[in-house]
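Trainee: File coords-v3.cif follows (mmCIF, C-alpha atoms):
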```cif
data_upload
loop_
_atom_site.label_atom_id
_atom_site.label_comp_id
_atom_site.auth_asym_id
_atom_site.auth_seq_id
_atom_site.Cartn_x
_atom_site.Cartn_y
_atom_site.Cartn_z
CA MET A 1 -26.55 -6.74 6.40
CA LYS A 2 -25.26 -6.90 9.94
CA ASN A 3 -21.82 -8.26 9.17
CA LEU A 4 -20.55 -5.36 7.01
CA ILE A 5 -21.54 -2.65 9.51
CA ASP A 6 -20.24 -4.77 12.39
CA GLU A 7 -16.90 -5.22 10.69
CA ILE A 8 -16.55 -1.47 10.20
CA LYS A 9 -17.64 -0.77 13.79
CA LYS A 10 -14.87 -3.03 15.10
CA ILE A 11 -12.50 -0.27 13.95
CA VAL A 12 -14.40 3.05 13.84
CA ALA A 13 -17.60 4.42 15.40
CA LEU A 14 -20.65 4.90 13.13
CA SER A 15 -23.83 6.79 13.92
CA LYS A 16 -27.25 5.35 12.93
CA GLN A 17 -27.28 7.97 10.17
CA ASP A 18 -23.87 6.79 8.92
CA GLU A 19 -25.15 3.20 8.84
CA GLU A 20 -28.14 4.24 6.75
CA LEU A 21 -25.92 6.17 4.38
CA ILE A 22 -23.69 3.13 3.90
CA LYS A 23 -26.76 0.96 3.23
CA SER A 24 -27.89 3.34 0.49
CA ASN A 25 -24.50 3.29 -1.24
CA TYR A 26 -23.87 -0.35 -2.09
CA HIS A 27 -25.47 -3.01 -4.24
CA ILE A 28 -25.75 -6.63 -3.18
CA GLU A 29 -24.65 -8.88 -6.02
CA LYS A 30 -24.61 -12.63 -6.40
CA TYR A 31 -22.09 -14.55 -8.48
CA THR A 32 -21.96 -18.21 -9.36
CA LYS A 33 -18.86 -20.36 -8.91
CA LYS A 34 -16.07 -19.37 -11.36
CA GLN A 35 -18.00 -16.33 -12.64
CA ILE A 36 -15.74 -13.46 -13.73
CA ILE A 37 -16.57 -10.34 -11.71
CA GLU A 38 -13.99 -7.95 -13.20
CA ASN A 39 -11.81 -8.87 -16.15
CA HIS A 40 -8.13 -8.31 -16.91
CA GLY A 41 -7.47 -5.57 -19.42
CA THR A 42 -10.33 -3.48 -17.96
CA LYS A 43 -10.56 -0.74 -15.33
CA TYR A 44 -11.99 -1.89 -12.01
CA ASN A 45 -14.81 0.40 -10.96
CA ASN A 46 -15.83 -1.38 -7.77
CA LEU A 47 -14.67 -2.45 -4.34
CA TYR A 48 -16.16 -5.68 -2.96
CA PHE A 49 -16.88 -6.90 0.56
CA VAL A 50 -17.67 -10.62 0.79
CA LYS A 51 -21.02 -11.30 2.50
CA ASN A 52 -20.91 -15.05 1.86
CA GLY A 53 -18.65 -17.25 -0.22
CA CYS A 54 -15.21 -16.52 -1.58
CA ILE A 55 -13.62 -14.49 -4.38
CA GLN A 56 -10.11 -14.28 -5.78
CA LEU A 57 -7.81 -11.92 -7.65
CA CYS A 58 -5.88 -14.09 -10.08
CA LEU A 59 -3.82 -13.96 -13.21
CA ILE A 60 -3.40 -16.40 -16.04
CA ASN A 61 0.31 -17.18 -16.02
CA ASN A 62 2.50 -17.90 -19.04
CA LYS A 63 1.67 -21.62 -18.78
CA GLY A 64 -2.03 -20.77 -19.08
CA ILE A 65 -2.61 -21.65 -15.44
CA GLU A 66 -4.75 -19.53 -13.13
CA GLN A 67 -2.56 -18.18 -10.34
CA THR A 68 -4.24 -16.96 -7.14
CA ILE A 69 -2.69 -13.64 -6.11
CA GLN A 70 -5.16 -12.83 -3.33
CA PHE A 71 -8.43 -14.27 -2.06
CA SER A 72 -11.13 -12.95 0.26
CA ILE A 73 -13.54 -14.95 2.39
CA LYS A 74 -16.61 -13.65 4.24
CA GLY A 75 -15.90 -10.37 6.01
CA TRP A 76 -12.96 -9.24 3.84
CA TRP A 77 -12.54 -6.64 1.09
CA LEU A 78 -11.09 -7.15 -2.35
CA THR A 79 -10.33 -5.24 -5.53
CA ASP A 80 -7.27 -4.36 -7.61
CA PHE A 81 -6.55 -1.07 -5.81
CA ASP A 82 -4.09 0.05 -8.46
CA SER A 83 -6.77 -0.22 -11.13
CA PHE A 84 -9.60 1.04 -8.87
CA ASN A 85 -7.75 4.10 -7.51
CA TYR A 86 -5.93 5.18 -10.67
CA GLU A 87 -8.39 3.95 -13.31
CA LYS A 88 -5.69 1.80 -14.88
CA GLN A 89 -6.26 -1.41 -16.83
CA SER A 90 -5.82 -4.37 -14.54
CA PHE A 91 -3.74 -7.42 -15.35
CA TYR A 92 -5.73 -9.47 -12.86
CA GLN A 93 -9.10 -11.15 -13.04
CA LEU A 94 -11.52 -10.98 -10.12
CA LYS A 95 -13.52 -14.23 -9.95
CA ALA A 96 -15.96 -16.05 -7.70
CA ILE A 97 -14.35 -19.18 -6.23
CA SER A 98 -17.70 -20.49 -5.00
CA ASN A 99 -21.29 -19.17 -5.18
CA THR A 100 -20.79 -15.80 -3.59
CA GLU A 101 -22.72 -12.79 -2.36
CA VAL A 102 -20.98 -9.43 -2.03
CA TYR A 103 -21.61 -5.81 -1.11
CA LYS A 104 -20.41 -3.92 -4.16
CA PHE A 105 -19.33 -0.27 -3.82
CA SER A 106 -18.78 1.75 -6.98
CA ARG A 107 -15.97 4.33 -7.03
CA THR A 108 -18.55 7.13 -7.06
CA ASN A 109 -20.52 5.74 -4.12
CA LEU A 110 -17.39 5.06 -2.13
CA ASN A 111 -16.14 8.60 -2.74
CA THR A 112 -19.49 9.95 -1.53
CA LEU A 113 -19.28 7.81 1.60
CA ARG A 114 -15.71 8.89 2.36
CA ILE A 115 -16.69 12.54 2.10
CA GLU A 116 -19.85 12.16 4.19
CA ILE A 117 -18.25 9.84 6.77
CA PRO A 118 -14.59 10.90 7.15
CA GLU A 119 -14.08 8.10 9.71
CA LEU A 120 -14.22 5.69 6.75
CA GLU A 121 -10.88 7.06 5.55
CA ARG A 122 -9.42 5.92 8.87
CA TYR A 123 -11.18 2.56 8.54
CA PHE A 124 -9.88 1.90 5.02
CA ARG A 125 -6.40 3.13 5.99
CA ILE A 126 -6.27 0.52 8.74
CA VAL A 127 -7.67 -2.20 6.42
CA ALA A 128 -5.03 -1.37 3.78
CA GLU A 129 -2.16 -1.30 6.29
CA ARG A 130 -3.26 -4.71 7.57
CA ALA A 131 -3.44 -6.11 4.02
CA TYR A 132 -0.01 -4.64 3.22
CA SER A 133 1.52 -6.22 6.36
CA ALA A 134 -0.03 -9.58 5.47
CA ALA A 135 1.40 -9.37 1.94
CA LEU A 136 4.91 -8.66 3.31
CA TYR A 137 4.54 -11.59 5.70
CA ARG A 138 3.55 -13.81 2.76
CA ILE A 139 6.62 -12.61 0.83
CA SER A 140 8.82 -13.47 3.82
CA LEU A 141 7.31 -17.00 3.89
CA MET A 142 7.85 -17.42 0.14
CA MET A 143 11.48 -16.39 0.48
CA ASN A 144 12.44 -18.27 3.60
CA MET A 145 10.42 -21.44 3.85
CA SER A 146 10.16 -24.62 1.84
CA LYS A 147 6.78 -25.15 0.17
CA GLU A 148 5.88 -27.76 2.78
CA GLN A 149 6.82 -25.46 5.69
CA ARG A 150 4.83 -22.65 4.05
CA TYR A 151 1.71 -24.79 3.87
CA PHE A 152 1.85 -25.96 7.49
CA ASN A 153 2.76 -22.50 8.73
CA TYR A 154 -0.29 -21.10 6.93
CA ILE A 155 -2.84 -23.68 8.11
CA ASN A 156 -1.56 -23.39 11.69
CA ASN A 157 -1.57 -19.59 11.76
CA PHE A 158 -4.65 -18.91 9.63
CA PRO A 159 -6.95 -21.92 10.15
CA LYS A 160 -10.11 -19.89 9.41
CA PHE A 161 -8.79 -18.92 5.98
CA ALA A 162 -7.37 -22.37 5.24
CA LYS A 163 -10.75 -23.98 6.03
CA ASN A 164 -12.78 -21.57 3.95
CA VAL A 165 -11.09 -21.87 0.57
CA PRO A 166 -10.77 -24.92 -1.68
CA GLN A 167 -7.39 -26.59 -1.28
CA TYR A 168 -6.40 -25.96 -4.93
CA ILE A 169 -6.82 -22.20 -4.32
CA LEU A 170 -4.75 -22.35 -1.13
CA ALA A 171 -2.06 -24.30 -3.03
CA SER A 172 -1.98 -21.68 -5.78
CA TYR A 173 -1.96 -18.81 -3.25
CA LEU A 174 1.06 -20.35 -1.50
CA GLY A 175 2.87 -21.10 -4.77
CA LEU A 176 2.39 -24.89 -4.58
CA SER A 177 1.10 -27.07 -7.41
CA PRO A 178 -2.09 -29.04 -6.59
CA GLU A 179 -0.05 -32.27 -7.13
CA TYR A 180 2.55 -31.17 -4.61
CA LEU A 181 -0.16 -30.28 -2.09
CA SER A 182 -1.68 -33.80 -2.48
CA GLU A 183 1.74 -35.29 -1.91
CA ILE A 184 2.23 -33.29 1.32
CA ARG A 185 -1.26 -34.19 2.49
CA ASN A 186 -0.81 -37.89 1.74
CA LYS A 187 2.39 -37.88 3.78
CA ASN A 188 0.49 -36.24 6.65
CA THR A 189 -2.74 -38.17 6.87
CA ASN A 190 -3.88 -36.26 9.95
CA ILE A 191 -4.60 -33.20 7.77
CA LYS A 192 -8.24 -33.22 6.72
CA PRO A 193 -9.55 -31.38 3.68
CA ALA A 194 -11.49 -28.15 4.32
CA MET B 1 11.84 20.03 4.84
CA LYS B 2 10.20 20.74 1.50
CA ASN B 3 10.09 17.18 0.21
CA LEU B 4 7.89 15.66 2.94
CA ILE B 5 5.21 18.36 2.72
CA ASP B 6 5.40 18.30 -1.09
CA GLU B 7 4.90 14.54 -1.14
CA ILE B 8 1.81 14.82 1.05
CA LYS B 9 0.46 17.73 -1.04
CA LYS B 10 0.67 15.60 -4.18
CA ILE B 11 -2.25 13.64 -2.69
CA VAL B 12 -4.14 15.91 -0.25
CA ALA B 13 -4.42 19.67 0.35
CA LEU B 14 -2.71 21.13 3.43
CA SER B 15 -3.16 24.62 4.88
CA LYS B 16 -0.13 26.61 6.11
CA GLN B 17 -1.31 25.81 9.62
CA ASP B 18 -1.40 22.07 8.82
CA GLU B 19 2.15 22.31 7.50
CA GLU B 20 3.33 23.97 10.71
CA LEU B 21 1.58 21.32 12.80
CA ILE B 22 3.30 18.55 10.85
CA LYS B 23 6.67 20.27 11.34
CA SER B 24 6.14 20.34 15.09
CA ASN B 25 5.31 16.62 15.24
CA TYR B 26 8.35 14.86 13.84
CA HIS B 27 12.00 14.51 14.71
CA ILE B 28 14.75 14.48 12.15
CA GLU B 29 17.13 11.61 12.85
CA LYS B 30 20.37 10.55 11.21
CA TYR B 31 21.57 6.96 11.00
CA THR B 32 24.84 5.59 9.77
CA LYS B 33 25.13 2.75 7.24
CA LYS B 34 23.94 -0.59 8.72
CA GLN B 35 22.70 1.04 11.94
CA ILE B 36 19.73 -0.75 13.47
CA ILE B 37 16.79 1.67 13.78
CA GLU B 38 14.20 -0.71 15.26
CA ASN B 39 15.04 -4.22 16.35
CA HIS B 40 13.23 -7.55 15.95
CA GLY B 41 11.53 -8.76 19.11
CA THR B 42 10.55 -5.18 20.01
CA LYS B 43 7.46 -3.04 19.42
CA TYR B 44 7.89 -0.42 16.71
CA ASN B 45 6.85 2.97 18.04
CA ASN B 46 7.66 5.07 14.98
CA LEU B 47 6.86 5.62 11.33
CA TYR B 48 9.70 6.84 9.11
CA PHE B 49 9.81 8.97 5.98
CA VAL B 50 13.16 8.92 4.16
CA LYS B 51 14.60 12.42 3.63
CA ASN B 52 17.90 11.16 2.18
CA GLY B 53 19.44 7.73 1.92
CA CYS B 54 17.81 4.34 2.16
CA ILE B 55 16.41 2.04 4.87
CA GLN B 56 15.18 -1.55 4.85
CA LEU B 57 12.88 -3.88 6.72
CA CYS B 58 14.68 -7.21 6.85
CA LEU B 59 14.77 -10.50 8.66
CA ILE B 60 17.57 -12.84 9.49
CA ASN B 61 16.61 -16.08 7.79
CA ASN B 62 17.30 -19.60 9.04
CA LYS B 63 20.66 -19.60 7.22
CA GLY B 64 21.67 -16.49 9.18
CA ILE B 65 21.40 -14.35 6.06
CA GLU B 66 19.77 -10.91 6.08
CA GLN B 67 16.72 -11.02 3.82
CA THR B 68 15.32 -7.71 2.49
CA ILE B 69 11.53 -7.72 2.85
CA GLN B 70 10.98 -4.06 1.93
CA PHE B 71 13.16 -1.02 1.34
CA SER B 72 12.43 2.69 1.13
CA ILE B 73 14.40 5.33 -0.73
CA LYS B 74 14.03 9.13 -0.45
CA GLY B 75 10.38 10.17 -0.43
CA TRP B 76 8.91 6.87 0.86
CA TRP B 77 7.51 5.70 4.17
CA LEU B 78 8.51 2.60 6.13
CA THR B 79 7.69 0.78 9.33
CA ASP B 80 6.34 -2.63 10.35
CA PHE B 81 2.68 -1.57 10.38
CA ASP B 82 1.59 -4.72 12.18
CA SER B 83 3.92 -3.91 15.07
CA PHE B 84 3.32 -0.14 14.91
CA ASN B 85 -0.50 -0.30 14.78
CA TYR B 86 -1.09 -3.18 17.16
CA GLU B 87 1.93 -2.76 19.48
CA LYS B 88 3.08 -6.29 18.68
CA GLN B 89 6.66 -7.53 18.78
CA SER B 90 8.13 -7.37 15.29
CA PHE B 91 10.04 -10.19 13.65
CA TYR B 92 11.74 -7.73 11.34
CA GLN B 93 14.67 -5.40 11.80
CA LEU B 94 14.57 -1.85 10.44
CA LYS B 95 18.08 -0.84 9.34
CA ALA B 96 19.86 1.93 7.49
CA ILE B 97 21.26 0.66 4.18
CA SER B 98 23.39 3.79 3.70
CA ASN B 99 23.91 6.94 5.76
CA THR B 100 20.34 8.12 6.05
CA GLU B 101 18.26 11.02 7.28
CA VAL B 102 14.60 10.47 8.15
CA TYR B 103 11.55 12.28 9.48
CA LYS B 104 10.53 10.14 12.44
CA PHE B 105 6.90 10.24 13.66
CA SER B 106 6.09 8.61 16.99
CA ARG B 107 2.75 6.83 17.36
CA THR B 108 1.54 9.58 19.72
CA ASN B 109 2.54 12.41 17.38
CA LEU B 110 1.04 10.66 14.38
CA ASN B 111 -2.23 10.11 16.24
CA THR B 112 -2.31 13.81 17.13
CA LEU B 113 -1.71 14.76 13.50
CA ARG B 114 -4.43 12.43 12.23
CA ILE B 115 -6.94 13.92 14.65
CA GLU B 116 -5.97 17.52 13.90
CA ILE B 117 -5.65 17.01 10.12
CA PRO B 118 -8.25 14.41 9.10
CA GLU B 119 -7.05 14.67 5.48
CA LEU B 120 -3.96 12.73 6.63
CA GLU B 121 -6.14 9.64 7.11
CA ARG B 122 -6.97 9.87 3.41
CA TYR B 123 -3.30 10.41 2.56
CA PHE B 124 -2.09 7.39 4.54
CA ARG B 125 -4.96 5.27 3.21
CA ILE B 126 -3.81 5.99 -0.34
CA VAL B 127 -0.14 5.36 0.58
CA ALA B 128 -1.07 2.00 2.16
CA GLU B 129 -3.25 0.91 -0.78
CA ARG B 130 -0.39 1.72 -3.13
CA ALA B 131 2.08 -0.25 -1.00
CA TYR B 132 -0.35 -3.19 -0.82
CA SER B 133 -0.80 -3.21 -4.62
CA ALA B 134 2.97 -3.11 -5.11
CA ALA B 135 3.41 -6.05 -2.72
CA LEU B 136 0.82 -8.11 -4.65
CA TYR B 137 2.57 -7.24 -7.91
CA ARG B 138 5.86 -8.40 -6.39
CA ILE B 139 4.21 -11.68 -5.32
CA SER B 140 2.93 -12.17 -8.87
CA LEU B 141 6.48 -11.66 -10.22
CA MET B 142 7.88 -14.11 -7.66
CA MET B 143 5.34 -16.73 -8.67
CA ASN B 144 5.40 -16.36 -12.42
CA MET B 145 8.83 -15.24 -13.53
CA SER B 146 12.28 -16.75 -13.47
CA LYS B 147 14.79 -14.93 -11.27
CA GLU B 148 16.43 -13.41 -14.35
CA GLN B 149 13.09 -12.19 -15.77
CA ARG B 150 12.21 -10.76 -12.37
CA TYR B 151 15.41 -8.74 -12.24
CA PHE B 152 15.05 -7.26 -15.73
CA ASN B 153 11.36 -6.61 -15.26
CA TYR B 154 12.17 -4.70 -12.07
CA ILE B 155 15.00 -2.56 -13.42
CA ASN B 156 12.96 -1.72 -16.53
CA ASN B 157 9.79 -0.83 -14.63
CA PHE B 158 11.32 0.79 -11.54
CA PRO B 159 14.64 2.30 -12.70
CA LYS B 160 14.58 4.98 -9.98
CA PHE B 161 14.39 2.37 -7.25
CA ALA B 162 16.89 0.03 -8.92
CA LYS B 163 19.43 2.88 -9.19
CA ASN B 164 19.04 4.03 -5.60
CA VAL B 165 19.72 0.83 -3.69
CA PRO B 166 22.89 -1.25 -3.58
CA GLN B 167 22.67 -4.22 -5.91
CA TYR B 168 22.96 -6.76 -3.09
CA ILE B 169 19.82 -5.28 -1.49
CA LEU B 170 17.95 -5.40 -4.79
CA ALA B 171 19.05 -9.04 -5.23
CA SER B 172 17.79 -9.94 -1.76
CA TYR B 173 14.52 -8.03 -2.31
CA LEU B 174 13.88 -9.99 -5.50
CA GLY B 175 14.85 -13.32 -3.95
CA LEU B 176 18.15 -13.67 -5.87
CA SER B 177 21.50 -14.52 -4.31
CA PRO B 178 24.25 -11.88 -4.86
CA GLU B 179 26.22 -14.55 -6.79
CA TYR B 180 23.30 -15.18 -9.13
CA LEU B 181 22.86 -11.45 -9.70
CA SER B 182 26.57 -11.15 -10.68
CA GLU B 183 26.13 -14.03 -13.09
CA ILE B 184 23.13 -12.34 -14.76
CA ARG B 185 24.97 -9.04 -14.94
CA ASN B 186 28.10 -10.62 -16.41
CA LYS B 187 26.00 -12.24 -19.12
CA ASN B 188 24.46 -8.82 -19.87
CA THR B 189 27.41 -6.44 -19.93
CA ASN B 190 25.22 -3.51 -20.93
CA ILE B 191 23.77 -3.37 -17.41
CA LYS B 192 25.73 -0.87 -15.36
CA PRO B 193 25.85 -0.97 -11.57
CA ALA B 194 23.76 1.65 -9.78
#
```
Would you encode the structure as structure tokens?
Mentor:
Amino acid sequence: MKNLIDEIKKIVALSKQDEELIKSNYHIEKYTKKQIIENHGTKYNNLYFVKNGCIQLCLINNKGIEQTIQFSIKGWWLTDFDSFNYEKQSFYQLKAISNTEVYKFSRTNLNTLRIEIPELERYFRIVAERAYSAALYRISLMMNMSKEQRYFNYINNFPKFAKNVPQYILASYLGLSPEYLSEIRNKNTNIKPA
Amino acid sequence: MKNLIDEIKKIVALSKQDEELIKSNYHIEKYTKKQIIENHGTKYNNLYFVKNGCIQLCLINNKGIEQTIQFSIKGWWLTDFDSFNYEKQSFYQLKAISNTEVYKFSRTNLNTLRIEIPELERYFRIVAERAYSAALYRISLMMNMSKEQRYFNYINNFPKFAKNVPQYILASYLGLSPEYLSEIRNKNTNIKPA
């Protein structure tokens, strides 16, 4: 349990009472590799914090291929906020990449927590602004770098992320085909698989 | 002044006193077309809300071309949150696209407001989650659609935005060259310039 509370306390202060309230407002869930957690065409009713493992938000593109839009490793949040906040049908799927354990917060429980612990609004504001900045940075890489540059830029700047997701997910996330990633890696034999 | 307060009140309740406090914590600034508001290589100390006109966050790419990473029209917020929140040097430029009037909030004033009006944390959390969702949607378009599909998808889904920015900015934002955009538009003579 320590890691969730610790992550929050890196950003905002929590009293012992706040910690207990948080503990009583989530469910721990386990998913097996490739299990669908929330499906496209449905409303997302939960926000997830990864305790162990890895999950992704993906869509099935017009070639029938699963495209990774966002992934979260241990210590990071994930949902489709548009679907979760506005109760809209999602066009993404939320899936386990590996065997995964999460803290799952329902909309109702999260609303309770935000009312009881107003500091959590500040916490989630900062988390969202960080995620937004990272998404803009990713867009700037997609627009201005070759696929090869994008890959090396990512593994150099975010080694923890690059090491904690399968390479085919990282390839998809960066807009590279798995074949192209193999090609790059074969050319650069000093790059070891995660 | 009405539009800023009204935008906030669409999401959270404000007392008359809150409204007065907000009014005493911003500066109205005017910028001329193409004026640099915050420069790359510097720390951004302000958050901007567009009163009239249009501003963009851009970078000069390795071909020396200005690449639009994000733009904001009337009623929308913009800054480099990574630079603003963590006092890091930005690699973006913030520039006026047209003659523009903004409400400018310094970091200090915004911190005061967030302490005095905790509901603003909720407001900015929701604004950031919406911006993050929109950025992921844009990534999914970039990955899964041709440039032409991307353009038509955008103007059909976001006509208000498409009509309120110059076409060369929209082209850059969607990763199209201005020449390619002209080509698409010439093929589809029913599309009128904004």
Trainee: Could I get the residues of stretch 96-133 of chain A with an atom no further than 10 Å from an atom of stretch 119-134 of chain B, each paired with its nearest atom pair and that distance in Å to one decimal, using only C-alpha atoms, sorted by chain and residue number, as a tab-separated table?
Mentor:
```
residue	atom	partner	partner_atom	distance
A:Arg114	CA	B:Arg122	CA	8.9
A:Pro118	CA	B:Glu121	CA	8.5
A:Glu119	CA	B:Glu121	CA	8.5
A:Leu120	CA	B:Glu121	CA	9.0
A:Glu121	CA	B:Arg122	CA	5.3
A:Arg122	CA	B:Glu121	CA	5.3
A:Tyr123	CA	B:Arg125	CA	8.6
A:Phe124	CA	B:Arg125	CA	6.2
A:Arg125	CA	B:Arg125	CA	3.8
A:Ile126	CA	B:Arg125	CA	7.4
A:Val127	CA	B:Arg125	CA	8.6
A:Ala128	CA	B:Glu129	CA	5.4
A:Glu129	CA	B:Ala128	CA	5.4
A:Arg130	CA	B:Ala128	CA	8.9
A:Ala131	CA	B:Tyr132	CA	6.4
A:Tyr132	CA	B:Tyr132	CA	4.3
A:Ser133	CA	B:Tyr132	CA	8.0
```
Trainee: Using 5 Å of padding on each side, determine the axis-aligned box around all atoms of stretch 142-160 of chain B present in the file and give its centre and edge lengths in Å to one decimal, as AutoDock Vina command-line options.
Mentor:
```
--center_x 10.9 --center_y -5.9 --center_z -12.1 --size_x 21.1 --size_y 31.7 --size_z 18.9
```
Trainee: Given the file above and the PyMOL selection byres ((chain B and resi 75) around 12), which residues are selected, and can you give them as a ChimeraX atom specification?
Mentor: /B:1-8,10,48-55,71-74,76-78,101-103,127,160-161,164
Trainee: Kindly give the distance, in Å, that separates atom CA of B:Arg138 and atom CA of A:Ile11, rounded to a single decimal.
Mentor: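 That distance, rounded to one decimal, is 28.6 Å.
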Trainee: Choose the residue, out of B:Leu113, B:Ile69, B:Leu181, B:Ala171, that has the smallest atom-to-atom separation from A:Leu141; count all atoms listed in the file.
Mentor: B:Ile69
Trainee: For A:Gln70, please output as JSON, numbers by chain all residues within 8 Å (counting all atoms listed in the file; exclusion window: fewer than 2 positions along the same chain).
Mentor: {"A": [56, 57, 58, 68, 72, 173], "B": [136]}
Trainee: So what do you get for atom CA of B:Leu176 versus atom CA of B:Leu94, distance-wise?
Mentor: 20.5 Å
Trainee: Between atom CA of B:Phe91 and atom CA of A:Gln149, what is the spacing in Å?
Mentor: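 Distance reported for this atom pair: 17.5 Å.
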Trainee: B:Asn61: which residues within 9 Å, counting only C-alpha atoms, same-chain residues fewer than 6 positions away excluded, as a PyMOL selection string?
Mentor: (chain A and resi 143-144) or (chain B and resi 67)
Trainee: Pick from B:Asn62, B:Asn186, B:Ile115, B:Tyr154: nearest to B:Met142, with only C-alpha atoms counted?
Mentor: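 Of the candidates, the smallest distance to B:Met142 is held by B:Tyr154.
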Trainee: Reconstruct N, CA and C atoms of stretch 45-62 of chain A; output as a PDB file, in the coordinates of the input.
Mentor:
```pdb
ATOM      1  N   ASN A  45     -14.032  -0.741 -11.453  1.00  0.00           N
ATOM      2  CA  ASN A  45     -14.810   0.400 -10.960  1.00  0.00           C
ATOM      3  C   ASN A  45     -15.461   0.140  -9.610  1.00  0.00           C
ATOM      4  N   ASN A  46     -15.136  -1.005  -9.002  1.00  0.00           N
ATOM      5  CA  ASN A  46     -15.830  -1.380  -7.770  1.00  0.00           C
ATOM      6  C   ASN A  46     -14.900  -1.995  -6.732  1.00  0.00           C
ATOM      7  N   LEU A  47     -15.314  -1.793  -5.481  1.00  0.00           N
ATOM      8  CA  LEU A  47     -14.670  -2.450  -4.340  1.00  0.00           C
ATOM      9  C   LEU A  47     -15.696  -3.421  -3.756  1.00  0.00           C
ATOM     10  N   TYR A  48     -15.242  -4.616  -3.380  1.00  0.00           N
ATOM     11  CA  TYR A  48     -16.160  -5.680  -2.960  1.00  0.00           C
ATOM     12  C   TYR A  48     -15.883  -6.095  -1.513  1.00  0.00           C
ATOM     13  N   PHE A  49     -16.960  -6.341  -0.793  1.00  0.00           N
ATOM     14  CA  PHE A  49     -16.880  -6.900   0.560  1.00  0.00           C
ATOM     15  C   PHE A  49     -17.664  -8.205   0.521  1.00  0.00           C
ATOM     16  N   VAL A  50     -17.022  -9.309   0.912  1.00  0.00           N
ATOM     17  CA  VAL A  50     -17.670 -10.620   0.790  1.00  0.00           C
ATOM     18  C   VAL A  50     -18.671 -10.826   1.929  1.00  0.00           C
ATOM     19  N   LYS A  51     -19.932 -11.042   1.542  1.00  0.00           N
ATOM     20  CA  LYS A  51     -21.020 -11.300   2.500  1.00  0.00           C
ATOM     21  C   LYS A  51     -21.057 -12.806   2.799  1.00  0.00           C
ATOM     22  N   ASN A  52     -20.956 -13.589   1.750  1.00  0.00           N
ATOM     23  CA  ASN A  52     -20.910 -15.050   1.860  1.00  0.00           C
ATOM     24  C   ASN A  52     -20.132 -15.586   0.680  1.00  0.00           C
ATOM     25  N   GLY A  53     -19.366 -16.645   0.897  1.00  0.00           N
ATOM     26  CA  GLY A  53     -18.650 -17.250  -0.220  1.00  0.00           C
ATOM     27  C   GLY A  53     -17.197 -16.826  -0.248  1.00  0.00           C
ATOM     28  N   CYS A  54     -16.645 -16.743  -1.439  1.00  0.00           N
ATOM     29  CA  CYS A  54     -15.210 -16.520  -1.580  1.00  0.00           C
ATOM     30  C   CYS A  54     -14.880 -16.035  -2.982  1.00  0.00           C
ATOM     31  N   ILE A  55     -14.037 -15.024  -3.077  1.00  0.00           N
ATOM     32  CA  ILE A  55     -13.620 -14.490  -4.380  1.00  0.00           C
ATOM     33  C   ILE A  55     -12.100 -14.414  -4.443  1.00  0.00           C
ATOM     34  N   GLN A  56     -11.566 -14.370  -5.661  1.00  0.00           N
ATOM     35  CA  GLN A  56     -10.110 -14.280  -5.780  1.00  0.00           C
ATOM     36  C   GLN A  56      -9.691 -13.288  -6.862  1.00  0.00           C
ATOM     37  N   LEU A  57      -8.499 -12.716  -6.643  1.00  0.00           N
ATOM     38  CA  LEU A  57      -7.810 -11.920  -7.650  1.00  0.00           C
ATOM     39  C   LEU A  57      -6.765 -12.871  -8.216  1.00  0.00           C
ATOM     40  N   CYS A  58      -6.821 -13.106  -9.536  1.00  0.00           N
ATOM     41  CA  CYS A  58      -5.880 -14.090 -10.080  1.00  0.00           C
ATOM     42  C   CYS A  58      -5.334 -13.600 -11.404  1.00  0.00           C
ATOM     43  N   LEU A  59      -4.267 -14.239 -11.851  1.00  0.00           N
ATOM     44  CA  LEU A  59      -3.820 -13.960 -13.210  1.00  0.00           C
ATOM     45  C   LEU A  59      -3.553 -15.274 -13.919  1.00  0.00           C
ATOM     46  N   ILE A  60      -3.671 -15.211 -15.236  1.00  0.00           N
ATOM     47  CA  ILE A  60      -3.400 -16.400 -16.040  1.00  0.00           C
ATOM     48  C   ILE A  60      -1.913 -16.332 -16.352  1.00  0.00           C
ATOM     49  N   ASN A  61      -1.143 -17.273 -15.832  1.00  0.00           N
ATOM     50  CA  ASN A  61       0.310 -17.180 -16.020  1.00  0.00           C
ATOM     51  C   ASN A  61       0.730 -17.667 -17.420  1.00  0.00           C
ATOM     52  N   ASN A  62       2.037 -17.593 -17.675  1.00  0.00           N
ATOM     53  CA  ASN A  62       2.500 -17.900 -19.040  1.00  0.00           C
ATOM     54  C   ASN A  62       2.358 -19.378 -19.421  1.00  0.00           C
TER      55      ASN A  62
END
```
